[in-house]
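In what follows, a single structure is set out as structure tokens and then discussed.
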Amino acid sequence: MDEKQRIEQLRRELHDHNYKYYVLNQPTISDYDFDQLMHELQDLESRHPEMADPNSPTQRVGSDIQSEFRQVAHKYPMLSLANTYSEQDVRDWYDSVTKGLAGEPFEVCCEMKYDGLSISLTYVDGRLTQAVTRGDGVQGDDVTANVRTIRAIPLVLPGTGYPSEFEIRGEILMPWASFERLNAEREAAEEPLFANPRNAASGTLKSLDSRVVAQRQLDAYLYYLLGEELPAEGHFENLEAARQWGFKISEGMKKVKSVDEVLDFINYWDTERKNLPVATDGIVLKVNSLRQQRALGFTAKSPRWAIAYKFKAERACTELLEVTYQVGRTGAVTPVANMAPVQLAGTTVRRATLNNEDFIRSFDLHIGDHVYVEKGGEIIPKIVGVDIDQRPIIAQQVQFIKRCPECGTPLVRYEGEAAWYCPNDAGCPPQIKGRIEHFIARKAMNIDSLGPETVDEYYRRGLIHNVADLYDIDVQQINGDGSRTKSAQRIVNGIQKSKEVPFERVVFALGIRFVGETSARLLARHFKSMDALMAAGLEELQEVEGIGEVMAKSIISYFHNEQNREIVERLRGYGLQFSLSTINSPLSTKLEGLSVVISGVFQHHSRDEYKLMIEQNGGKNVGSISGKTSFILAGDNMGPSKLQKAEKLGIRIVNEEEFLEMI
């Protein structure tokens, strides 16, 4: 056997061992033996680069070479399900299906509702070719490189009998064990904790470094098969076929024939789900027959043939030990309840948010209180009540702090705000790091080669103390021991490229308290330069649409701060865009006075490009349809609810070609 044949043999063997370990949970070789085979394959592939294959088992480890995610249109829209919360709601849905099918008998497939990130996988000739997130249901992010690192997802199907091309959908999850381990590591490193496994899975899958995805041990369950040549007429039967092809399908799936059987399934899993290794928040019910599904059709937002039953939030009682305080990017101080550990919805809960001072007062919280804790939607722990009868006699009332827990500055509370703030935005470490993270974000300066962990490292190493310091960083400083030359160069290149970001996003990137993305754009369009914005008074600022007194005062305060002005001047010196360029300047008044809604997927330009064209020609972008909408710029796969509302209100639909001709 020559080396090329051995490469193919090793790939088949390792795919098979991955399937047995991560899908069947029935390993047939030791971890050591698996690693030996993997190392042999890596060595052979390095000697034969012409044999490169993105679906090789060696690609499971991931890579730090990743560009910004590409938007991909879904072949079949990914619709959400209608939610229900009671037994009567389930009976009502069952009755509506019965009526919709004119009394024809039907079966219901009952499945677990996993709490993760929806994913769509495309296979061609048994090989994974694309993985796309739900996105807005019409299009999502192409995360194929990251998904290839998830070992529960087959890269090459081990089974037989599958269609030449099909799509399978499911949920990417972080198991409880991986979640607890990850948060323990982050806590030890004094990094922010993930709120729940879903957030952790979502943040992981959206990482631009697929090595991070590989390290965090995500899992996946698949639950819906689509294509032109499906093996069966029943949904349940199609998933059983997919199981044979090598996909991880829930063992808890069951086909039933009556509403009472549906309710028995729900009641069983309401308790048993606590023993599952991953988070669930309900049950999904689907009419099994694909023919009957087509007959029932869709409402504007969801299929009539499926519904999601959400479990009631689980509640536990535990002792309040201490209240600590966290400082966010904007300086907002959030109180956190530290409690005696208690099991809740599959994980150990030790902390819960207390929102703000008013929330604490509403419960009259005392240290030592026995508090009732729930997970809202099975996700974020929150205190929902206090058992006053168990309050210790000497219990101390919780008093909100007066000074910042990070820098000691006296806190302030702005008019109309529930939160207390640390006003030391230029000297408070969490605010400094938070503002840098905000500055580099996609919708701000879009320095996608940096991330929160890198910002924290650079801050601790003394390389950066504010956003202007980013532009002083060189490759040698980042590289350190010389092992990261390529990634260091990519970071420096990304920082330099950010100098091309338009003025309105520079205003947003500064992180002025209360100034969001829309407000920044309005300010940039009104004042047209940083100098004019910096010189604006209270009345002049309030002349801008959407800028109230609180925001105007915050803007003035920001630019009156000597340290902020120094940072702004340094950014000017580095060459950032400090005025509206010609590309952002008005081109015409052809759309003046018109309000335009954009919907669908476009061929000639991106959504953001069309939004810019509308504004350049005097129009206004609006997010929702109303009687004031002038027309809808519609691409392919326009949302059905928007189309229905437009027809009802008699609003004109304009396609790409008509719009481009119009301007």
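Note on naming: chains are A, B, ... as they come in the structure tokens, residues start from 1 per chain, ligands start from 1 in the order shown.
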Next on the checklist: Which residues are near Gly619 (chain A)? Cut-off 10 Å, only C-alpha atoms, ignore same chain within fewer than 3 positions. Put them as a VMD selection string.
Outcome noted: chain A and resid 588 to 596 611 to 616 622 630
Save out the residues we just selected, N, CA, C and O atoms, as a PDB file, in the first residue's frame.
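Written out: selection-v2.pdb:
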```
ATOM      1  N   SER A 588     -28.233  62.866  -4.532  1.00  0.00           N
ATOM      2  CA  SER A 588     -29.408  63.477  -5.151  1.00  0.00           C
ATOM      3  C   SER A 588     -30.528  63.568  -4.110  1.00  0.00           C
ATOM      4  O   SER A 588     -30.382  63.114  -2.978  1.00  0.00           O
ATOM      5  N   THR A 589     -31.631  64.166  -4.529  1.00  0.00           N
ATOM      6  CA  THR A 589     -32.814  64.250  -3.659  1.00  0.00           C
ATOM      7  C   THR A 589     -33.964  63.426  -4.250  1.00  0.00           C
ATOM      8  O   THR A 589     -35.128  63.691  -3.959  1.00  0.00           O
ATOM      9  N   LYS A 590     -33.621  62.420  -5.052  1.00  0.00           N
ATOM     10  CA  LYS A 590     -34.652  61.640  -5.747  1.00  0.00           C
ATOM     11  C   LYS A 590     -35.561  60.871  -4.795  1.00  0.00           C
ATOM     12  O   LYS A 590     -36.704  60.563  -5.146  1.00  0.00           O
ATOM     13  N   LEU A 591     -35.066  60.536  -3.602  1.00  0.00           N
ATOM     14  CA  LEU A 591     -35.887  59.794  -2.635  1.00  0.00           C
ATOM     15  C   LEU A 591     -36.266  60.652  -1.431  1.00  0.00           C
ATOM     16  O   LEU A 591     -36.685  60.122  -0.398  1.00  0.00           O
ATOM     17  N   GLU A 592     -36.122  61.961  -1.579  1.00  0.00           N
ATOM     18  CA  GLU A 592     -36.390  62.860  -0.453  1.00  0.00           C
ATOM     19  C   GLU A 592     -37.831  62.700   0.039  1.00  0.00           C
ATOM     20  O   GLU A 592     -38.780  62.674  -0.746  1.00  0.00           O
ATOM     21  N   GLY A 593     -37.954  62.561   1.362  1.00  0.00           N
ATOM     22  CA  GLY A 593     -39.281  62.428   1.968  1.00  0.00           C
ATOM     23  C   GLY A 593     -39.847  61.024   1.925  1.00  0.00           C
ATOM     24  O   GLY A 593     -40.954  60.797   2.420  1.00  0.00           O
ATOM     25  N   LEU A 594     -39.115  60.064   1.349  1.00  0.00           N
ATOM     26  CA  LEU A 594     -39.623  58.695   1.229  1.00  0.00           C
ATOM     27  C   LEU A 594     -39.033  57.792   2.313  1.00  0.00           C
ATOM     28  O   LEU A 594     -37.857  57.858   2.629  1.00  0.00           O
ATOM     29  N   SER A 595     -39.886  56.948   2.882  1.00  0.00           N
ATOM     30  CA  SER A 595     -39.467  55.963   3.883  1.00  0.00           C
ATOM     31  C   SER A 595     -39.463  54.587   3.226  1.00  0.00           C
ATOM     32  O   SER A 595     -40.478  54.162   2.675  1.00  0.00           O
ATOM     33  N   VAL A 596     -38.311  53.905   3.303  1.00  0.00           N
ATOM     34  CA  VAL A 596     -38.135  52.658   2.557  1.00  0.00           C
ATOM     35  C   VAL A 596     -37.815  51.499   3.509  1.00  0.00           C
ATOM     36  O   VAL A 596     -36.970  51.631   4.394  1.00  0.00           O
ATOM     37  N   LYS A 611     -28.893  50.415   1.742  1.00  0.00           N
ATOM     38  CA  LYS A 611     -29.250  51.406   2.770  1.00  0.00           C
ATOM     39  C   LYS A 611     -28.497  52.710   2.533  1.00  0.00           C
ATOM     40  O   LYS A 611     -29.062  53.811   2.668  1.00  0.00           O
ATOM     41  N   LEU A 612     -27.199  52.580   2.185  1.00  0.00           N
ATOM     42  CA  LEU A 612     -26.403  53.770   1.910  1.00  0.00           C
ATOM     43  C   LEU A 612     -26.943  54.512   0.692  1.00  0.00           C
ATOM     44  O   LEU A 612     -27.049  55.744   0.691  1.00  0.00           O
ATOM     45  N   MET A 613     -27.329  53.770  -0.367  1.00  0.00           N
ATOM     46  CA  MET A 613     -27.881  54.401  -1.572  1.00  0.00           C
ATOM     47  C   MET A 613     -29.157  55.177  -1.247  1.00  0.00           C
ATOM     48  O   MET A 613     -29.376  56.283  -1.753  1.00  0.00           O
ATOM     49  N   ILE A 614     -30.002  54.589  -0.402  1.00  0.00           N
ATOM     50  CA  ILE A 614     -31.260  55.260  -0.031  1.00  0.00           C
ATOM     51  C   ILE A 614     -30.959  56.584   0.663  1.00  0.00           C
ATOM     52  O   ILE A 614     -31.541  57.630   0.351  1.00  0.00           O
ATOM     53  N   GLU A 615     -30.009  56.550   1.624  1.00  0.00           N
ATOM     54  CA  GLU A 615     -29.669  57.768   2.350  1.00  0.00           C
ATOM     55  C   GLU A 615     -28.975  58.784   1.451  1.00  0.00           C
ATOM     56  O   GLU A 615     -29.212  59.996   1.559  1.00  0.00           O
ATOM     57  N   GLN A 616     -28.100  58.292   0.535  1.00  0.00           N
ATOM     58  CA  GLN A 616     -27.396  59.204  -0.375  1.00  0.00           C
ATOM     59  C   GLN A 616     -28.347  59.927  -1.315  1.00  0.00           C
ATOM     60  O   GLN A 616     -28.021  61.001  -1.835  1.00  0.00           O
ATOM     61  N   VAL A 622     -36.273  52.513   7.138  1.00  0.00           N
ATOM     62  CA  VAL A 622     -37.093  52.149   8.303  1.00  0.00           C
ATOM     63  C   VAL A 622     -37.153  50.624   8.396  1.00  0.00           C
ATOM     64  O   VAL A 622     -37.066  49.915   7.394  1.00  0.00           O
ATOM     65  N   SER A 630     -43.223  54.263   2.185  1.00  0.00           N
ATOM     66  CA  SER A 630     -43.399  54.703   0.798  1.00  0.00           C
ATOM     67  C   SER A 630     -43.341  53.522  -0.163  1.00  0.00           C
ATOM     68  O   SER A 630     -44.156  53.408  -1.073  1.00  0.00           O
TER      69      SER A 630
END
```
Next on the checklist: With only C-alpha atoms as the counted atoms, please give the residues lying no more than 12 Å from Asp260 (chain A), apart from itself and same-chain residues fewer than 6 positions off, as a PyMOL selection string.
Outcome noted: chain A and resi 87-88+90-91+94+108+266-267
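Residues with any atom within 8 Å of Pro154 (chain A), counting only C-alpha atoms and excluding same-chain neighbours fewer than 3 positions away, are His15, Tyr19, Leu128, Arg151, Leu157, Gly246 and Phe247 of chain A.
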Item to check | Coordinates-based distance that separates CA of Ile307 (chain A) from CA of Trp93 (chain A) (Å, one decimal) | outcome: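 Rounded to one decimal, the two atoms are 7.7 Å apart.
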Next on the checklist: My list of candidates is A:Ala316, A:Met253, A:Ile464, A:Ala102. Which is closest to Glu240 (chain A) when distances are computed with only C-alpha atoms?
Outcome noted: A:Met253
Checklist outcome for this item: For Arg216 (chain A), the closest of A:Leu239, A:Leu193, A:Ala520, A:Met174 counting only C-alpha atoms is A:Met174
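Put simply, CA of Glu272 (chain A) is 23.7 Å away from CA of Ala82 (chain A).
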Checklist entry - Using only C-alpha atoms, which residue out of A:Gln489, A:Thr129, A:Ser579, A:Ser250 lies closest to Met530 (chain A)? => result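 For Met530 (chain A), the nearest of the given residues is A:Ser579.
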Checklist entry - From the list A:Ala73, A:Ala441, A:Val256, A:Ala308, which residue is nearest Asp281 (chain A) when using only C-alpha atoms? => result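 Of all the options, A:Ala308 lies closest to Asp281 (chain A).
In terms of minimum interatomic distance to Val597 (chain A), A:Asn655 ranks closest within A:Gln542, A:Asn655, A:Thr485, A:Ser498, counting only C-alpha atoms.
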Next on the checklist: Report as a PyMOL selection string all protein, DNA and RNA residues lying within 10 Å of Lys4 (chain A), evaluated on only C-alpha atoms, omitting residues in the same chain fewer than 6 positions from it.
Outcome noted: chain A and resi 10+44-45+47-48+50-51
Checklist entry - What is the CA of Ser449 (chain A) to CA of Gly494 (chain A) distance in Å? => result 6.1 Å
Next on the checklist: Let's see if you can do this: from backbone DSSP, list all strand (DSSP E or B) residues in region 193-401 of chain A, as number ranges by chain.
Outcome noted: A: 219-226, 234, 249, 254-256, 280-287, 289, 298, 303, 306-310, 315-327, 332-344, 347-353, 366, 370-376, 380-386, 397
Item to check | Within 10 Å of Asp389 (chain A) using only C-alpha atoms, minus same-chain residues under 2 positions, as a list of chain:residue names | outcome: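 The residues that qualify are A:Asp369, A:His370, A:Val386, A:Asp387, A:Arg391, A:Pro392.
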Output C-alpha atoms of each residue in that selection to a file, as a PDB file, in the first residue's frame.
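Output saved as out_10.pdb:
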```pdb
ATOM      1  CA  ASP A 369     -32.343  35.597  53.007  1.00  0.00           C
ATOM      2  CA  HIS A 370     -33.658  32.394  51.467  1.00  0.00           C
ATOM      3  CA  VAL A 386     -37.956  35.859  49.144  1.00  0.00           C
ATOM      4  CA  ASP A 387     -39.079  33.566  51.982  1.00  0.00           C
ATOM      5  CA  ARG A 391     -35.013  35.559  57.408  1.00  0.00           C
ATOM      6  CA  PRO A 392     -32.379  35.569  60.210  1.00  0.00           C
TER       7      PRO A 392
END
```
